[in-house]
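Novice: Questions regarding the structure given below will be posed in turn.
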Amino acid sequence: MIQALSIFRESALSLLPQALAPAASGDSLDWKDYDAPTITQRVTSRVAPGSIVLFHNAALHTPEALPSILEYLLQNGYQVVPVSQLILPGQCGTDFTIDHTGRQIPAL
């Protein structure tokens with residue numbers, strides 16, 4: 001199964017299969033100035049289809065961690081796409097619902 005991966009600088013790394021929509025599910029905690037291996041381990045051990053992993057612009061070691069995080073994700077079947085492709089179109093309550101985790105669920 002190919003996963004969708006979307007990266008944008010200010011806020012998040014979104015990961016999910018095409019049938020799902022994103023749910024905020026993790027913080028890299030890079031703002032705590034953890035070293036690159038710690039950030040990498042934290043992110044790669046917690047990602048799953050539907051994850052959004054938060055990265056912060058001012059984090060000291062995020063630029064060091066991203067290459068190994070991306071390598072891991074790409075080797076595990078993720079591909080880079082715009083965030084706009086991850087969000088379900090339509091109106092909440094009609095075309096989709098949002099569960100208690102923030103995940104969009106397509107209407108049946």
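Labels for the structure tokens follow display order: chains A, B, ..., residues from 1 in each chain, ligands from 1.
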Excluding stretch 38-42 of chain A and any residue of its chain fewer than 5 positions from it, enumerate the residues within 7 Å of it, using only C-alpha atoms, and give them as JSON, numbers by chain.

Specialist: {"A": [28, 30, 65, 68, 69]}

Novice: Can those selected residues be exported to a file as a compact mmCIF listing (two decimals), in the first residue's frame so that it contains C-alpha atoms?

Specialist:
# COMPACT_ATOMS: atom_id res chain seq x y z
CA SER A 28 8.23 15.53 17.44
CA ASP A 30 11.95 19.01 18.49
CA ALA A 65 16.83 14.75 11.74
CA SER A 68 16.85 10.13 8.18
CA ILE A 69 13.13 10.53 8.97

Novice: Excluding A:Trp31 and its own-chain neighbours fewer than 3 positions away, which residues fall within 12 Å of it when counting only C-alpha atoms? Please give them as a PyMOL selection string.

Specialist: chain A and resi 27-28+34-36+39+54-62

Novice: Excluding A:Phe96 and residues on its chain fewer than 4 positions from it, collect all residues at most 9 Å away from it, counting only C-alpha atoms, and give them as JSON, numbers by chain.

Specialist: {"A": [88, 89, 90, 91, 92, 104, 105, 106, 107, 108]}

Novice: Rounded to one decimal in Å, what is the spacing between atom CA of A:Leu70 and atom CA of A:His100?

Specialist: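 About the pair atom CA of A:Leu70 and atom CA of A:His100: they are 28.5 Å apart.
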
Novice: Expressed in Å to a single decimal, how great is the separation between atom CA of A:Leu73 and atom CA of A:Leu86?

Specialist: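 Result for atom CA of A:Leu73 versus atom CA of A:Leu86: 16.6 Å, one decimal.
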
Novice: Let's see if you can do this: from backbone DSSP, list all strand (DSSP E) residues in stretch 19-74 of chain A, as a PyMOL selection string.

Specialist: chain A and resi 23-27+51-54
